[in-house]
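Worksheet for the structure shown next.
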Amino acid sequence: MSHRRISKGKAVLAGAGAVGVAAAAILLPNANASQSGTDDGAGGGAGGGAGQNPRTVSAASAPELVARLSSQLGEDYAGAYYDAQKKQVVVNVADGGGSGGSDESTRQVRASGAVARSVQNSMGELRTATGTLTRDAAIPGTAWAVDPRTNQVLVTADTTVTGERWDTLESTVRSLGDGVARIQKSAGEFKPFLEGGDAIFGGGARCSLGFNVTTQDGTPGFLTAGHCGVAAEQWSEEQNGAPVGTVQAATFPGDGDFALLTYDDPATEAPSEVDLGDGQTLPIGQAGEAAVGLEVVRMGSTTGLADGSVTGLNATVNYAEGSVSGLIQTNVCAEPGDSGGPLFTADGTAIGLTSGGSGDCTSGGETFFQPVTTALTAVGAEIGAGGAADDGAAGDGAADDGAQDDGAAGDGAAGDGSEAGSAH
């Protein structure tokens with residue numbers, strides 16, 4: 001790879017093997033096709049949009065619409081998601097105890113072209129619940145995030161949470177009140193997955209490269225997971241090979257899981273694209289926000305390409321190494337070595353970096369990702385040649401039906417506090 005080095009953004013999807021090639025073959029022809037998703041009855045609930053003619057919205061433009069409505073509705077806003085089947089944004093409006101405030105909010109939601117749904121729990125109540133969980137039940141192997149589809153906090157416990165720790169978690173959830181939170185068990189264990197796009201190696205650890213970026217001084221670099229960045233200062237493209245990148249900043253655990261590395265050779269070609277295998281690449285044109293329901297694709301050097309959808313935002317993962325907040329929760333599988341690899345959409349929008357989770361690509365599981373927009377802002381970098389990082393997934397408003405698939409209008413720009421454990 002000499003001068004191109006890992007071509008890191010591209011390398012993220014390279015070396016995926018047969019699985020990656022097969023996934024790429026599916027991904028490229030359908031980049032602008034509608035994907036099947038969960039039909040959550042967007043029009044249901046007391047505030048359903050019957051007769052309001054909600055407009056068709058692309059997954060790419062959903063986060064922008066949700067951010068605007070979450071700001072306009074204030075305390076009445078109770079989360080949102082994207083109905084991939086109907087291509088509509090569904091916005092939860094807190095009941096408000098019959099105060100009438102929610103009636104005006106419902107009108108605002110419908111006027112914007114979204115579907116309004118009346119729910120019991122306000123976003124403030126759900127955030128208070130996640131705060132209680134953080135204070136009283138931050139047990140390694142647990143995670144929580146607001147689930148806008150059920151208007152509850154979804155708490156996940158892995159197989160290590162037993163005995164007194166399970167009792168503590170269960171009693172804390174019970175103390176939140178009826179209908180506020182629920183617990184689900186994971187079949188695996190939340191843990192960091194240090195090993196897998198193109199593999200990068202450092203200090204005996206193996207990770208994956210995320211996205212190529214341009215740093216503040218104009219030099220080329222790339223993003224990967226923070227737990228990779230704190231494991232070694234220099235990284236190579238071959239095990240025991242000569243270093244090609246040096247860590248400039250890394251966050252883990254705490255307020256994220258991301259690291260910025262710069263290429264040691266400033267003349268390194270670092271195209272803003274991911275390699276889908278079999279000679280096919282996908283240009284990465286911008287960074288965008290995740291949304292609940294958004295269909296996404298992940299690349300890693302261990303398992304290649306895998307897809308799924310976003311299930312929660314602002315998740316907190318309680319790893320054995322410490323808690324990490326502000327993550328994206330998904331049902332996309334991953335395994336050790338996939339850490340740091342890119343999460344993106346079929347239309348070439350960068351969404352996140354693989355952090356960790358539980359399970360594997362045989363049995364499935366939960367995986368958490370660092371939002372790429374947060375990482376870019378923190379390190380002062382831009383996707384590719386620069387200028388695109390702030391474009392987000394905010395797309396073209398309502399008309400673009402075919403953009404992304406199950407895009408989900410996450411629990412609002414304000415993030416629906418969720419937590420879980422383990423880095424891939």
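Ordering of the structure tokens sets the chain letters (A, B, ...), residue numbers begin anew at 1 in every chain, and ligands are numbered from 1 in the order given.
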| task | Any chance you could list, as a PyMOL selection string, the residues in region 61-265 of chain A that come up strand (DSSP E or B) when DSSP is run on the backbone? | result | chain A and resi 77-83+88-94+115-119+142-147+152-157+181-185+191-192+199-202+205-208+212-214+220-224+234-236+243-251+254+258-263
Quick one: everything within 9 Å of region 242-258 of chain A, counting only C-alpha atoms, minus sequence neighbours fewer than 6 positions away in the same chain. Send it as a ChimeraX atom specification. /A:5-6,201-202,221-230,232-236,264-265,319,321-327,340,353-355,369-372,374-375,379,423
Problem set entry | Which of region 24-267 of chain A fall in helix (DSSP H, G or I), as JSON, numbers by chain | {"A": [24, 25, 26, 27, 28, 29, 30, 62, 63, 64, 65, 66, 67, 68, 69, 70, 71, 72, 73, 74, 75, 76, 96, 97, 98, 101, 102, 103, 104, 105, 106, 107, 108, 109, 110, 111, 123, 124, 125, 126, 127, 128, 129, 130, 131, 132, 133, 134, 135, 136, 163, 164, 165, 166, 167, 168, 169, 170, 171, 172, 173, 174, 175, 226, 227, 228, 229]}
Please produce an output containing C-alpha atoms for each residue in the selection, written as a PDB file, in the first residue's frame.
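The new file selection_29.pdb reads:
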ATOM      1  CA  ALA A  24     -21.199  -4.842  -0.934  1.00  0.00           C
ATOM      2  CA  ALA A  25     -22.996  -6.449  -3.831  1.00  0.00           C
ATOM      3  CA  ILE A  26     -26.261  -5.877  -2.011  1.00  0.00           C
ATOM      4  CA  LEU A  27     -25.377  -2.408  -0.808  1.00  0.00           C
ATOM      5  CA  LEU A  28     -24.355  -0.708  -4.024  1.00  0.00           C
ATOM      6  CA  PRO A  29     -27.305  -1.551  -6.293  1.00  0.00           C
ATOM      7  CA  ASN A  30     -29.694  -0.512  -3.540  1.00  0.00           C
ATOM      8  CA  ALA A  62     -35.488  13.006   9.176  1.00  0.00           C
ATOM      9  CA  PRO A  63     -32.912  14.099  11.806  1.00  0.00           C
ATOM     10  CA  GLU A  64     -33.179  17.727  10.682  1.00  0.00           C
ATOM     11  CA  LEU A  65     -36.971  17.692  10.982  1.00  0.00           C
ATOM     12  CA  VAL A  66     -36.775  16.062  14.402  1.00  0.00           C
ATOM     13  CA  ALA A  67     -34.212  18.575  15.656  1.00  0.00           C
ATOM     14  CA  ARG A  68     -36.463  21.442  14.608  1.00  0.00           C
ATOM     15  CA  LEU A  69     -39.576  19.973  16.215  1.00  0.00           C
ATOM     16  CA  SER A  70     -37.798  19.023  19.450  1.00  0.00           C
ATOM     17  CA  SER A  71     -36.808  22.665  19.811  1.00  0.00           C
ATOM     18  CA  GLN A  72     -40.256  24.002  18.954  1.00  0.00           C
ATOM     19  CA  LEU A  73     -42.227  21.663  21.205  1.00  0.00           C
ATOM     20  CA  GLY A  74     -40.155  22.176  24.334  1.00  0.00           C
ATOM     21  CA  GLU A  75     -41.415  20.103  27.263  1.00  0.00           C
ATOM     22  CA  ASP A  76     -44.126  18.517  25.120  1.00  0.00           C
ATOM     23  CA  GLY A  96     -49.520  16.887  29.536  1.00  0.00           C
ATOM     24  CA  GLY A  97     -52.289  15.782  31.858  1.00  0.00           C
ATOM     25  CA  GLY A  98     -54.984  17.362  29.718  1.00  0.00           C
ATOM     26  CA  GLY A 101     -50.455  22.342  25.710  1.00  0.00           C
ATOM     27  CA  SER A 102     -50.053  19.065  23.878  1.00  0.00           C
ATOM     28  CA  ASP A 103     -52.939  19.984  21.543  1.00  0.00           C
ATOM     29  CA  GLU A 104     -50.998  22.932  20.174  1.00  0.00           C
ATOM     30  CA  SER A 105     -47.863  20.785  19.907  1.00  0.00           C
ATOM     31  CA  THR A 106     -49.825  18.157  18.009  1.00  0.00           C
ATOM     32  CA  ARG A 107     -50.944  20.818  15.537  1.00  0.00           C
ATOM     33  CA  GLN A 108     -47.329  21.951  15.109  1.00  0.00           C
ATOM     34  CA  VAL A 109     -46.163  18.414  14.438  1.00  0.00           C
ATOM     35  CA  ARG A 110     -48.861  17.821  11.853  1.00  0.00           C
ATOM     36  CA  ALA A 111     -48.255  21.185  10.204  1.00  0.00           C
ATOM     37  CA  MET A 123     -38.657  13.397  27.610  1.00  0.00           C
ATOM     38  CA  GLY A 124     -37.881  15.108  30.899  1.00  0.00           C
ATOM     39  CA  GLU A 125     -39.293  12.136  32.818  1.00  0.00           C
ATOM     40  CA  LEU A 126     -37.347   9.680  30.699  1.00  0.00           C
ATOM     41  CA  ARG A 127     -34.106  11.631  31.164  1.00  0.00           C
ATOM     42  CA  THR A 128     -34.704  11.727  34.903  1.00  0.00           C
ATOM     43  CA  ALA A 129     -35.073   7.955  34.778  1.00  0.00           C
ATOM     44  CA  THR A 130     -31.745   7.520  32.978  1.00  0.00           C
ATOM     45  CA  GLY A 131     -30.166   9.820  35.550  1.00  0.00           C
ATOM     46  CA  THR A 132     -31.450   7.595  38.339  1.00  0.00           C
ATOM     47  CA  LEU A 133     -30.047   4.547  36.592  1.00  0.00           C
ATOM     48  CA  THR A 134     -26.683   6.251  36.228  1.00  0.00           C
ATOM     49  CA  ARG A 135     -26.652   7.131  39.920  1.00  0.00           C
ATOM     50  CA  ASP A 136     -27.983   3.875  41.348  1.00  0.00           C
ATOM     51  CA  GLY A 163     -27.192 -12.167  41.912  1.00  0.00           C
ATOM     52  CA  GLU A 164     -27.052  -8.941  43.910  1.00  0.00           C
ATOM     53  CA  ARG A 165     -26.190  -6.901  40.834  1.00  0.00           C
ATOM     54  CA  TRP A 166     -29.318  -8.143  39.072  1.00  0.00           C
ATOM     55  CA  ASP A 167     -31.398  -7.428  42.176  1.00  0.00           C
ATOM     56  CA  THR A 168     -30.014  -3.876  42.307  1.00  0.00           C
ATOM     57  CA  LEU A 169     -30.797  -3.288  38.649  1.00  0.00           C
ATOM     58  CA  GLU A 170     -34.278  -4.733  38.917  1.00  0.00           C
ATOM     59  CA  SER A 171     -35.176  -2.749  42.032  1.00  0.00           C
ATOM     60  CA  THR A 172     -33.869   0.471  40.483  1.00  0.00           C
ATOM     61  CA  VAL A 173     -35.981  -0.045  37.370  1.00  0.00           C
ATOM     62  CA  ARG A 174     -39.004  -0.826  39.538  1.00  0.00           C
ATOM     63  CA  SER A 175     -38.468   2.387  41.515  1.00  0.00           C
ATOM     64  CA  GLY A 226     -10.879   5.870  21.638  1.00  0.00           C
ATOM     65  CA  HIS A 227     -10.189   2.604  23.425  1.00  0.00           C
ATOM     66  CA  CYS A 228      -7.866   1.799  20.520  1.00  0.00           C
ATOM     67  CA  GLY A 229      -6.207   5.197  20.822  1.00  0.00           C
TER      68      GLY A 229
END
Sort by chain and increasing residue number a table of all residues of region 272-332 of chain A within 12 Å of region 213-217 of chain A, each with its closest pair of atoms and their distance in Å to one decimal, counting only C-alpha atoms, and write it as a Markdown table.
| residue | atom | partner | partner_atom | distance |
| --- | --- | --- | --- | --- |
| A:Ser272 | CA | A:Val213 | CA | 7.4 |
| A:Glu273 | CA | A:Val213 | CA | 10.4 |
| A:Ile284 | CA | A:Val213 | CA | 10.6 |
| A:Gly285 | CA | A:Val213 | CA | 11.3 |
| A:Gln286 | CA | A:Val213 | CA | 10.7 |
| A:Ala287 | CA | A:Val213 | CA | 10.7 |
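For Ser363 (chain A), the non-local neighbours within 12 Å, defined as residues at least 2 positions apart in the same chain or in other chains and counting only C-alpha atoms, are Ser186, Ala187, Gly188, Asn331, Val332, Cys333, Ala334, Glu335, Ser358, Gly359, Asp360, Cys361, Gly365 and Glu366 of chain A.
The coordinates place CA of Gln184 (chain A) at 4.9 Å from CA of Thr156 (chain A).
You can rank A:Pro54, A:Gly141, A:Gly204, A:Pro266 by their closest distance to Phe190 (chain A) using only C-alpha atoms, and at the top of that list sits A:Gly141.
Using only C-alpha atoms, the contacts of Ala157 (chain A) at a cut-off of 8 Å, with sequence neighbours closer than 2 positions omitted, comprise Gly141, Thr142, Ala143, Val155, Thr159, Thr160, Val161, Ile183, Gln184, Lys185, Ser186 and Ala420 of chain A.
If you measure from each of A:Thr377, A:Thr219, A:Ser208, A:Thr349 to Ser301 (chain A) using only C-alpha atoms, the closest one turns out to be A:Ser208.
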Counting only C-alpha atoms, the residue among A:Ile328, A:Asn53, A:Gly341, A:Ile139 that lies closest to Lys86 (chain A) is A:Asn53
